[in-house]
>>> print(open('upload.cif').read())   # mmCIF, C-alpha atoms
data_structure
loop_
_atom_site.group_PDB
_atom_site.id
_atom_site.type_symbol
_atom_site.label_atom_id
_atom_site.label_comp_id
_atom_site.auth_asym_id
_atom_site.auth_seq_id
_atom_site.Cartn_x
_atom_site.Cartn_y
_atom_site.Cartn_z
ATOM 1 C CA MET U 1 -1.123 -4.877 -15.315
ATOM 2 C CA ALA U 2 -0.678 -2.818 -18.443
ATOM 3 C CA ALA U 3 -2.687 -3.604 -21.532
ATOM 4 C CA VAL U 4 -0.708 -4.758 -24.537
ATOM 5 C CA ALA U 5 -1.466 -2.738 -27.620
ATOM 6 C CA THR U 6 -1.973 -4.800 -30.755
ATOM 7 C CA PRO U 7 -0.248 -3.280 -33.787
ATOM 8 C CA GLU U 8 -2.766 -2.302 -36.426
ATOM 9 C CA VAL U 9 -2.114 -2.156 -40.169
ATOM 10 C CA HIS U 10 -3.885 0.713 -41.812
ATOM 11 C CA PRO U 11 -4.545 1.208 -45.506
ATOM 12 C CA ASP U 12 -3.019 4.228 -47.170
ATOM 13 C CA LEU U 13 -5.542 6.736 -46.080
ATOM 14 C CA GLU U 14 -4.934 10.269 -45.114
ATOM 15 C CA LYS U 15 -4.608 10.636 -41.395
ATOM 16 C CA GLU U 16 -7.733 12.065 -39.848
ATOM 17 C CA ALA U 17 -7.427 14.964 -37.496
ATOM 18 C CA GLY U 18 -7.340 13.891 -33.848
ATOM 19 C CA THR U 19 -6.342 10.276 -34.490
ATOM 20 C CA ASP U 20 -2.702 10.500 -33.637
ATOM 21 C CA PRO U 21 -1.465 6.900 -33.297
ATOM 22 C CA HIS U 22 0.876 8.032 -30.541
ATOM 23 C CA ALA U 23 -1.966 9.462 -28.471
ATOM 24 C CA GLU U 24 -1.909 6.624 -25.951
ATOM 25 C CA LEU U 25 1.779 7.220 -25.362
ATOM 26 C CA GLU U 26 1.324 10.877 -24.603
ATOM 27 C CA PRO U 27 0.875 11.915 -20.981
ATOM 28 C CA GLY U 28 -2.878 12.281 -20.817
ATOM 29 C CA TYR U 29 -3.894 10.405 -17.688
ATOM 30 C CA LEU U 30 -3.919 11.698 -14.142
ATOM 31 C CA VAL U 31 -3.013 9.392 -11.284
ATOM 32 C CA ILE U 32 -5.076 10.487 -8.297
ATOM 33 C CA CYS U 33 -4.834 9.434 -4.676
ATOM 34 C CA TRP U 34 -8.033 9.812 -2.652
ATOM 35 C CA ASN U 35 -8.279 10.211 1.086
ATOM 36 C CA ASP U 36 -9.067 7.203 3.227
ATOM 37 C CA PRO U 37 -8.860 8.398 6.849
ATOM 38 C CA VAL U 38 -7.603 4.993 7.953
ATOM 39 C CA ASN U 39 -4.238 5.387 6.217
ATOM 40 C CA LEU U 40 -1.544 6.754 8.509
ATOM 41 C CA MET U 41 0.104 9.945 7.301
ATOM 42 C CA ASP U 42 3.577 8.447 7.801
ATOM 43 C CA TYR U 43 2.505 5.450 5.758
ATOM 44 C CA VAL U 44 1.177 7.493 2.836
ATOM 45 C CA THR U 45 4.388 9.532 2.823
ATOM 46 C CA HIS U 46 6.457 6.352 2.755
ATOM 47 C CA VAL U 47 4.431 4.913 -0.136
ATOM 48 C CA PHE U 48 4.775 8.067 -2.253
ATOM 49 C CA GLN U 49 8.529 8.080 -1.671
ATOM 50 C CA THR U 50 8.814 4.397 -2.537
ATOM 51 C CA VAL U 51 6.575 4.294 -5.612
ATOM 52 C CA PHE U 52 7.649 7.578 -7.220
ATOM 53 C CA GLY U 53 11.136 7.968 -5.741
ATOM 54 C CA TRP U 54 10.176 11.398 -4.431
ATOM 55 C CA SER U 55 11.970 13.381 -1.767
ATOM 56 C CA ARG U 56 10.329 13.403 1.639
ATOM 57 C CA THR U 57 9.363 17.060 1.157
ATOM 58 C CA LYS U 58 7.457 16.353 -2.057
ATOM 59 C CA ALA U 59 5.872 13.210 -0.627
ATOM 60 C CA VAL U 60 4.696 15.098 2.470
ATOM 61 C CA LYS U 61 3.252 17.880 0.289
ATOM 62 C CA HIS U 62 1.086 15.416 -1.642
ATOM 63 C CA MET U 63 0.180 13.475 1.493
ATOM 64 C CA ARG U 64 -1.089 16.700 3.054
ATOM 65 C CA GLN U 65 -3.131 17.477 -0.051
ATOM 66 C CA VAL U 66 -4.774 14.078 0.209
ATOM 67 C CA HIS U 67 -5.396 14.544 3.907
ATOM 68 C CA GLU U 68 -6.694 18.113 3.757
ATOM 69 C CA GLN U 69 -8.348 18.344 0.339
ATOM 70 C CA GLY U 70 -9.563 14.785 -0.068
ATOM 71 C CA LYS U 71 -7.360 13.981 -3.035
ATOM 72 C CA SER U 72 -4.127 14.805 -4.785
ATOM 73 C CA VAL U 73 -3.125 14.522 -8.422
ATOM 74 C CA LEU U 74 0.190 12.727 -8.182
ATOM 75 C CA VAL U 75 1.411 12.514 -11.775
ATOM 76 C CA ARG U 76 0.237 13.008 -15.351
ATOM 77 C CA GLU U 77 1.339 10.093 -17.467
ATOM 78 C CA SER U 78 0.644 7.933 -20.517
ATOM 79 C CA MET U 79 -2.108 5.355 -20.095
ATOM 80 C CA GLU U 80 0.355 2.506 -19.657
ATOM 81 C CA LYS U 81 2.437 4.284 -17.029
ATOM 82 C CA ALA U 82 -0.647 5.549 -15.219
ATOM 83 C CA GLU U 83 -1.964 1.970 -14.978
ATOM 84 C CA PHE U 84 1.378 0.861 -13.604
ATOM 85 C CA TYR U 85 1.387 3.545 -10.908
ATOM 86 C CA VAL U 86 -2.237 2.884 -9.908
ATOM 87 C CA HIS U 87 -1.434 -0.804 -9.529
ATOM 88 C CA GLU U 88 1.650 -0.033 -7.461
ATOM 89 C CA LEU U 89 -0.310 2.300 -5.154
ATOM 90 C CA GLN U 90 -3.114 -0.230 -4.789
ATOM 91 C CA LYS U 91 -0.608 -2.891 -3.748
ATOM 92 C CA TYR U 92 -0.149 -0.677 -0.691
ATOM 93 C CA THR U 93 -3.967 -0.437 -0.327
ATOM 94 C CA LEU U 94 -4.038 3.255 -1.092
ATOM 95 C CA HIS U 95 -7.198 4.501 -2.807
ATOM 96 C CA ALA U 96 -5.753 5.420 -6.194
ATOM 97 C CA THR U 97 -7.376 5.789 -9.607
ATOM 98 C CA MET U 98 -6.471 7.113 -13.031
ATOM 99 C CA GLU U 99 -8.661 9.552 -14.899
ATOM 100 C CA ARG U 100 -8.364 10.979 -18.379
ATOM 101 C CA ASP U 101 -7.100 14.549 -18.273
ATOM 102 C CA SER U 102 -9.767 16.641 -19.923
ATOM 103 C CA LYS U 103 -7.488 19.667 -20.363
ATOM 104 C CA MET F 1 8.797 -4.192 20.014
ATOM 105 C CA ARG F 2 11.786 -1.969 19.452
ATOM 106 C CA VAL F 3 14.507 -1.545 16.884
ATOM 107 C CA VAL F 4 17.863 -2.827 18.107
ATOM 108 C CA GLN F 5 19.938 -2.198 15.029
ATOM 109 C CA VAL F 6 19.519 -0.758 11.553
ATOM 110 C CA SER F 7 22.100 -1.403 8.887
ATOM 111 C CA SER F 8 21.879 0.542 5.648
ATOM 112 C CA LEU F 9 24.020 -1.199 3.083
ATOM 113 C CA PRO F 10 24.244 -0.850 -0.698
ATOM 114 C CA GLY F 11 21.879 -2.913 -2.794
ATOM 115 C CA GLU F 12 19.352 -5.132 -1.113
ATOM 116 C CA LYS F 13 21.377 -5.969 1.985
ATOM 117 C CA SER F 14 19.917 -3.328 4.294
ATOM 118 C CA PHE F 15 18.167 -4.734 7.326
ATOM 119 C CA ALA F 16 16.767 -3.947 10.748
ATOM 120 C CA GLU F 17 16.901 -6.094 13.833
ATOM 121 C CA PHE F 18 14.015 -5.938 16.300
ATOM 122 C CA GLU F 19 13.569 -7.090 19.843
ATOM 123 C CA MET F 20 10.041 -8.168 20.642
ATOM 124 C CA ALA F 21 8.189 -9.783 23.495
ATOM 125 C CA GLN F 22 6.786 -13.237 22.873
ATOM 126 C CA GLU F 23 3.293 -11.753 23.158
ATOM 127 C CA GLU F 24 4.122 -9.339 20.336
ATOM 128 C CA GLN F 25 5.288 -12.210 18.159
ATOM 129 C CA ILE F 26 1.968 -13.970 18.803
ATOM 130 C CA LEU F 27 0.116 -10.760 17.892
ATOM 131 C CA LEU F 28 2.068 -10.408 14.647
ATOM 132 C CA TRP F 29 1.493 -14.095 13.864
ATOM 133 C CA HIS F 30 -2.282 -13.840 14.294
ATOM 134 C CA LEU F 31 -2.416 -10.554 12.434
ATOM 135 C CA LEU F 32 -0.598 -11.844 9.340
ATOM 136 C CA GLN F 33 -2.663 -15.036 9.291
ATOM 137 C CA GLN F 34 -5.755 -12.930 8.593
ATOM 138 C CA TYR F 35 -4.472 -11.533 5.294
ATOM 139 C CA PRO F 36 -6.213 -10.539 3.050
ATOM 140 C CA LEU F 37 -9.054 -8.565 4.606
ATOM 141 C CA VAL F 38 -9.758 -6.029 1.873
ATOM 142 C CA PRO F 39 -12.560 -7.557 -0.233
ATOM 143 C CA ALA F 40 -11.636 -8.593 -3.767
ATOM 144 C CA GLY F 41 -13.001 -6.044 -6.213
ATOM 145 C CA HIS F 42 -12.695 -3.163 -3.770
ATOM 146 C CA GLN F 43 -9.949 -1.531 -5.802
ATOM 147 C CA ARG F 44 -10.904 0.155 -9.072
ATOM 148 C CA LEU F 45 -8.693 1.462 -11.842
ATOM 149 C CA SER F 46 -10.939 4.426 -12.502
ATOM 150 C CA ARG F 47 -13.966 5.968 -10.867
ATOM 151 C CA ASN F 48 -15.634 6.275 -14.264
ATOM 152 C CA ALA F 49 -14.900 2.838 -15.707
ATOM 153 C CA LYS F 50 -17.322 -0.038 -15.648
ATOM 154 C CA ASN F 51 -16.568 -3.374 -14.001
ATOM 155 C CA GLN F 52 -16.395 -5.223 -17.294
ATOM 156 C CA ASP F 53 -13.832 -2.899 -18.815
ATOM 157 C CA GLU F 54 -10.858 -4.920 -19.997
ATOM 158 C CA ASN F 55 -8.370 -2.915 -17.966
ATOM 159 C CA GLU F 56 -10.459 -3.276 -14.815
ATOM 160 C CA VAL F 57 -10.452 -7.033 -15.337
ATOM 161 C CA LEU F 58 -6.692 -7.042 -15.850
ATOM 162 C CA LEU F 59 -6.169 -5.036 -12.673
ATOM 163 C CA ALA F 60 -8.394 -7.400 -10.682
ATOM 164 C CA GLU F 61 -6.426 -10.375 -12.011
ATOM 165 C CA ALA F 62 -3.111 -8.768 -11.163
ATOM 166 C CA LEU F 63 -4.246 -7.984 -7.616
ATOM 167 C CA ALA F 64 -5.567 -11.534 -7.180
ATOM 168 C CA GLU F 65 -2.208 -12.964 -8.274
ATOM 169 C CA GLN F 66 -0.499 -10.614 -5.859
ATOM 170 C CA ARG F 67 -2.688 -11.838 -2.986
ATOM 171 C CA THR F 68 -1.922 -15.468 -3.742
ATOM 172 C CA ALA F 69 1.805 -14.744 -3.803
ATOM 173 C CA ASN F 70 1.524 -12.758 -0.572
ATOM 174 C CA ARG F 71 -0.284 -15.590 1.219
ATOM 175 C CA LYS F 72 2.485 -18.005 0.242
ATOM 176 C CA GLN F 73 5.142 -15.552 1.373
ATOM 177 C CA ILE F 74 3.394 -15.038 4.722
ATOM 178 C CA ALA F 75 3.244 -18.784 5.318
ATOM 179 C CA ALA F 76 6.940 -19.088 4.454
ATOM 180 C CA LEU F 77 7.861 -16.236 6.790
ATOM 181 C CA LEU F 78 5.865 -17.529 9.739
ATOM 182 C CA ASN F 79 7.193 -21.069 9.353
ATOM 183 C CA GLU F 80 10.822 -20.181 8.739
ATOM 184 C CA PRO F 81 12.924 -21.911 11.409
ATOM 185 C CA GLY F 82 14.978 -19.523 13.502
ATOM 186 C CA ARG F 83 13.378 -16.353 12.136
ATOM 187 C CA PHE F 84 12.186 -15.400 15.610
ATOM 188 C CA ALA F 85 15.150 -16.356 17.772
ATOM 189 C CA ALA F 86 15.158 -16.629 21.534
ATOM 190 C CA MET F 87 18.085 -14.823 23.127
ATOM 191 C CA PRO F 88 20.080 -16.670 25.808
ATOM 192 C CA GLY F 89 19.007 -15.511 29.254
ATOM 193 C CA ALA F 90 16.307 -13.184 27.932
ATOM 194 C CA GLU F 91 12.585 -13.531 27.518
ATOM 195 C CA GLU F 92 12.469 -11.362 24.418
ATOM 196 C CA LEU F 93 12.917 -12.597 20.870
ATOM 197 C CA ARG F 94 15.121 -11.186 18.143
ATOM 198 C CA VAL F 95 13.967 -10.959 14.555
ATOM 199 C CA THR F 96 15.676 -9.474 11.513
ATOM 200 C CA PHE F 97 13.868 -8.150 8.464
ATOM 201 C CA SER F 98 15.467 -6.818 5.288
ATOM 202 C CA PHE F 99 14.262 -3.430 4.056
ATOM 203 C CA ALA F 100 12.417 -5.190 1.214
ATOM 204 C CA GLU F 101 10.675 -7.482 3.701
ATOM 205 C CA MET F 102 9.631 -4.536 5.852
ATOM 206 C CA ASP F 103 8.217 -2.715 2.840
ATOM 207 C CA TRP F 104 6.279 -5.861 1.939
ATOM 208 C CA LEU F 105 5.104 -6.283 5.555
ATOM 209 C CA LEU F 106 3.816 -2.707 5.396
ATOM 210 C CA GLN F 107 1.622 -3.695 2.431
ATOM 211 C CA ILE F 108 0.307 -6.711 4.324
ATOM 212 C CA CYS F 109 -0.348 -4.804 7.555
ATOM 213 C CA ASN F 110 -2.124 -2.018 5.690
ATOM 214 C CA ASP F 111 -4.389 -4.484 3.895
ATOM 215 C CA ILE F 112 -5.408 -5.766 7.322
ATOM 216 C CA ARG F 113 -5.786 -2.237 8.662
ATOM 217 C CA VAL F 114 -7.893 -1.022 5.723
ATOM 218 C CA GLY F 115 -9.889 -4.262 5.556
ATOM 219 C CA SER F 116 -10.745 -3.974 9.258
ATOM 220 C CA TRP F 117 -11.753 -0.355 8.770
ATOM 221 C CA LEU F 118 -14.012 -1.310 5.862
ATOM 222 C CA ALA F 119 -15.578 -4.044 8.009
ATOM 223 C CA LEU F 120 -16.346 -1.365 10.596
ATOM 224 C CA GLY F 121 -18.242 0.604 7.948
ATOM 225 C CA SER F 122 -15.445 3.059 7.015
ATOM 226 C CA PRO F 123 -15.968 5.323 10.026
ATOM 227 C CA GLU F 124 -14.273 8.668 10.580
ATOM 228 C CA LEU F 125 -11.468 8.038 13.052
ATOM 229 C CA ASP F 126 -11.474 11.305 14.921
ATOM 230 C CA GLY F 127 -13.171 10.126 18.079
ATOM 231 C CA LYS F 128 -13.525 7.215 20.402
ATOM 232 C CA PRO F 129 -14.907 4.121 18.681
ATOM 233 C CA ALA F 130 -18.401 2.983 19.496
ATOM 234 C CA LEU F 131 -17.402 -0.574 20.262
ATOM 235 C CA GLY F 132 -20.737 -1.494 21.817
ATOM 236 C CA ALA F 133 -21.384 -5.065 22.734
ATOM 237 C CA LYS F 134 -20.640 -6.653 19.378
ATOM 238 C CA PRO F 135 -17.493 -8.799 19.546
ATOM 239 C CA ASP F 136 -16.845 -8.402 15.808
ATOM 240 C CA VAL F 137 -16.631 -4.629 16.136
ATOM 241 C CA ALA F 138 -14.057 -4.894 18.903
ATOM 242 C CA ARG F 139 -12.056 -7.463 16.911
ATOM 243 C CA HIS F 140 -11.964 -5.297 13.764
ATOM 244 C CA TYR F 141 -10.993 -2.235 15.766
ATOM 245 C CA PHE F 142 -8.286 -4.190 17.598
ATOM 246 C CA ASN F 143 -6.862 -5.539 14.316
ATOM 247 C CA MET F 144 -6.845 -2.069 12.814
ATOM 248 C CA GLU F 145 -4.944 -0.590 15.755
ATOM 249 C CA ILE F 146 -2.434 -3.430 16.053
ATOM 250 C CA ALA F 147 -1.725 -3.343 12.315
ATOM 251 C CA GLY F 148 -1.123 0.409 12.575
ATOM 252 C CA ALA F 149 1.251 -0.065 15.498
ATOM 253 C CA PHE F 150 3.369 -2.553 13.542
ATOM 254 C CA GLU F 151 3.311 -0.249 10.524
ATOM 255 C CA MET F 152 4.792 2.572 12.576
ATOM 256 C CA GLN F 153 7.617 0.316 13.803
ATOM 257 C CA PHE F 154 8.522 -0.701 10.249
ATOM 258 C CA ILE F 155 8.299 2.859 8.915
ATOM 259 C CA ARG F 156 10.610 4.138 11.656
ATOM 260 C CA ALA F 157 13.091 1.324 10.997
ATOM 261 C CA LEU F 158 13.062 2.241 7.299
ATOM 262 C CA GLY F 159 14.005 5.783 8.242
ATOM 263 C CA GLY F 160 10.627 7.234 7.392
ATOM 264 C CA GLY F 161 7.989 8.926 9.453
ATOM 265 C CA LEU F 162 7.044 12.528 9.734
ATOM 266 C CA ALA F 163 9.268 15.032 11.456
ATOM 267 C CA ALA F 164 8.353 18.039 13.566
ATOM 268 C CA GLY F 165 7.092 20.745 11.243
ATOM 269 C CA ASP F 166 5.701 18.388 8.606
ATOM 270 C CA ILE F 167 2.240 18.791 10.071
ATOM 271 C CA GLU F 168 0.978 22.109 11.370
#
>>> encode(input="upload.cif", output="structure tokens")
Amino acid sequence: MAAVATPEVHPDLEKEAGTDPHAELEPGYLVICWNDPVNLMDYVTHVFQTVFGWSRTKAVKHMRQVHEQGKSVLVRESMEKAEFYVHELQKYTLHATMERDSK
Amino acid sequence: MRVVQVSSLPGEKSFAEFEMAQEEQILLWHLLQQYPLVPAGHQRLSRNAKNQDENEVLLAEALAEQRTANRKQIAALLNEPGRFAAMPGAEELRVTFSFAEMDWLLQICNDIRVGSWLALGSPELDGKPALGAKPDVARHYFNMEIAGAFEMQFIRALGGGLAAGDIE
């Protein structure tokens, strides 16, 4: 479930560098799916298509990355959207996490 | 269990009709009754976050609510009169699931499959299982395989599944 941001009232101070109030809305979080060998390849493909609305080709590409490389970065999103996608993937018992993109 | 008919209609009216032996219905019944098998707290929002992080707590609460709702829905499905209908003059049963129900059943079956796998110690699945003499090991392995078999039926009915050439 996404966290609800509480609006903050700031005094009239000059904005400090690197404290963009919109930072949490910017795509800065990676949604990663990790390999669990128990998940059927057809199943993982189905879940990617369902959760992200991807074509079968794109879903298979990411499923193969998970299977062969141990993980796949699925999307880069805002914190709120990344949380939503992780929750959706975990409803299907896929091993999904979100990590801050350091780039 | 086999698909008899698939009807893809606009909106949420798409469905698939299955024919299944009475033994398969009993298998499905016992399988769904075991939900959930994945331990609470197994899922994490991030590999770096700590358990007490607010978002981790929120995720755990959301998943717990989901499990409660799923248990109620399973009970309703299994006790719905006429859901599994006997066909005149045939031993098999007919059952119809909407596409949304099949997608939900996939979530339930995979919880049982993953939970059984975790109970086995998360083994690699590239060889024959070492079932040994422990009845629990055989039961977990059996649940995992049966859940996977039902998953494949639902995925095929939903039009999914890998095609030749998807995997080298």
>>> resolve_selection(input="upload.cif", expression="the PyMOL selection byres ((chain U) within 10 of (chain F))", output="ChimeraX atom specification")
/U:1-3,31-32,36-47,49-50,56-57,60-61,64,82-84,86-100
>>> atom_distance(input="upload.cif", atom1="atom CA of F:Ala69", atom2="atom CA of F:Pro36")
11.4 Å
>>> resolve_selection(input="upload.cif", expression="the PyMOL selection byres ((chain F and resi 3) around 8)", output="list in words")
Met1, Arg2, Val4, Gln5, Val6, Ala16, Glu17, Phe18, Glu19, Gln153 and Ala157 of chain F
>>> write_last_selection(input="upload.cif", atoms="C-alpha atoms", output="mmCIF file, in the coordinates of the input")
data_model
loop_
_atom_site.group_PDB
_atom_site.id
_atom_site.type_symbol
_atom_site.label_atom_id
_atom_site.label_comp_id
_atom_site.auth_asym_id
_atom_site.auth_seq_id
_atom_site.Cartn_x
_atom_site.Cartn_y
_atom_site.Cartn_z
ATOM 1 C CA MET F 1 8.797 -4.192 20.014
ATOM 2 C CA ARG F 2 11.786 -1.969 19.452
ATOM 3 C CA VAL F 4 17.863 -2.827 18.107
ATOM 4 C CA GLN F 5 19.938 -2.198 15.029
ATOM 5 C CA VAL F 6 19.519 -0.758 11.553
ATOM 6 C CA ALA F 16 16.767 -3.947 10.748
ATOM 7 C CA GLU F 17 16.901 -6.094 13.833
ATOM 8 C CA PHE F 18 14.015 -5.938 16.300
ATOM 9 C CA GLU F 19 13.569 -7.090 19.843
ATOM 10 C CA GLN F 153 7.617 0.316 13.803
ATOM 11 C CA ALA F 157 13.091 1.324 10.997
#
>>> resolve_selection(input="upload.cif", expression="the PyMOL selection byres ((chain U and resi 72) around 9)", output="ChimeraX atom specification")
/U:31-35,62-67,69-71,73-74
>>> axis_aligned_box(input="upload.cif", around="stretch 73-85 of chain U", padding_each_side="8 Å", output="AutoDock Vina command-line options")
--center_x -0.3 --center_y 7.7 --center_z -14.3 --size_x 21.6 --size_y 29.7 --size_z 28.3
>>> residues_around(input="upload.cif", residues="stretch 20-25 of chain F", least_positions_apart="4", cutoff="12 Å", atoms="all atoms listed in the file", output="PyMOL selection string")
chain F and resi 1-4+29-32+78+83-87+90-96+146-147+149-150+153
>>> atom_distance(input="upload.cif", atom1="atom CA of F:Leu28", atom2="atom CA of F:Phe97")
13.5 Å
>>> atom_distance(input="upload.cif", atom1="atom CA of F:Tyr35", atom2="atom CA of F:Ala100")
18.5 Å
>>> decode(input="upload.cif", residues="stretch 49-74 of chain U", atoms="N, CA and C atoms", output="CSV table (one decimal), in the first residue's frame")
chain,number,residue,atom,x,y,z
U,49,GLN,N,2.7,-9.8,-18.0
U,49,GLN,CA,1.7,-9.2,-18.9
U,49,GLN,C,0.5,-8.6,-18.2
U,50,THR,N,0.1,-9.3,-17.1
U,50,THR,CA,-1.1,-8.8,-16.4
U,50,THR,C,-0.8,-7.5,-15.6
U,51,VAL,N,0.3,-7.5,-14.9
U,51,VAL,CA,0.6,-6.4,-14.0
U,51,VAL,C,1.0,-5.1,-14.8
U,52,PHE,N,1.8,-5.3,-15.8
U,52,PHE,CA,2.3,-4.2,-16.6
U,52,PHE,C,1.6,-3.9,-17.9
U,53,GLY,N,0.8,-4.9,-18.3
U,53,GLY,CA,0.1,-4.7,-19.6
U,53,GLY,C,1.1,-4.9,-20.8
U,54,TRP,N,2.1,-5.6,-20.6
U,54,TRP,CA,3.1,-5.8,-21.6
U,54,TRP,C,2.7,-6.8,-22.7
U,55,SER,N,3.3,-6.6,-23.9
U,55,SER,CA,3.1,-7.7,-24.9
U,55,SER,C,3.8,-8.9,-24.4
U,56,ARG,N,3.4,-10.0,-25.1
U,56,ARG,CA,4.0,-11.3,-24.7
U,56,ARG,C,5.6,-11.3,-24.9
U,57,THR,N,6.0,-10.7,-26.0
U,57,THR,CA,7.4,-10.6,-26.4
U,57,THR,C,8.2,-9.9,-25.3
U,58,LYS,N,7.7,-8.8,-24.8
U,58,LYS,CA,8.4,-8.0,-23.8
U,58,LYS,C,8.4,-8.8,-22.4
U,59,ALA,N,7.3,-9.4,-22.1
U,59,ALA,CA,7.1,-10.2,-20.9
U,59,ALA,C,8.1,-11.4,-20.9
U,60,VAL,N,8.2,-12.1,-22.1
U,60,VAL,CA,9.1,-13.2,-22.2
U,60,VAL,C,10.6,-12.8,-22.0
U,61,LYS,N,10.9,-11.6,-22.6
U,61,LYS,CA,12.3,-11.1,-22.5
U,61,LYS,C,12.7,-10.9,-21.1
U,62,HIS,N,11.8,-10.3,-20.3
U,62,HIS,CA,12.1,-10.0,-18.9
U,62,HIS,C,12.1,-11.3,-18.1
U,63,MET,N,11.2,-12.2,-18.4
U,63,MET,CA,11.1,-13.5,-17.7
U,63,MET,C,12.4,-14.3,-17.9
U,64,ARG,N,13.0,-14.2,-19.2
U,64,ARG,CA,14.2,-14.9,-19.5
U,64,ARG,C,15.4,-14.3,-18.7
U,65,GLN,N,15.3,-13.0,-18.6
U,65,GLN,CA,16.4,-12.3,-17.8
U,65,GLN,C,16.4,-12.8,-16.4
U,66,VAL,N,15.2,-12.9,-15.8
U,66,VAL,CA,15.1,-13.4,-14.4
U,66,VAL,C,15.6,-14.8,-14.3
U,67,HIS,N,15.2,-15.6,-15.3
U,67,HIS,CA,15.6,-17.0,-15.3
U,67,HIS,C,17.1,-17.2,-15.5
U,68,GLU,N,17.7,-16.5,-16.4
U,68,GLU,CA,19.0,-16.7,-16.8
U,68,GLU,C,20.1,-15.9,-16.0
U,69,GLN,N,19.6,-14.7,-15.6
U,69,GLN,CA,20.6,-13.8,-14.9
U,69,GLN,C,20.3,-13.6,-13.4
U,70,GLY,N,19.2,-14.2,-13.0
U,70,GLY,CA,18.9,-14.1,-11.6
U,70,GLY,C,18.0,-13.0,-11.2
U,71,LYS,N,17.9,-12.0,-12.0
U,71,LYS,CA,17.0,-10.9,-11.7
U,71,LYS,C,16.8,-10.0,-13.0
U,72,SER,N,15.7,-9.2,-13.0
U,72,SER,CA,15.5,-8.3,-14.1
U,72,SER,C,14.9,-7.0,-13.5
U,73,VAL,N,15.4,-5.9,-14.0
U,73,VAL,CA,14.9,-4.6,-13.6
U,73,VAL,C,13.7,-4.4,-14.5
U,74,LEU,N,12.5,-4.3,-13.9
U,74,LEU,CA,11.3,-4.3,-14.7
U,74,LEU,C,10.9,-2.9,-15.2
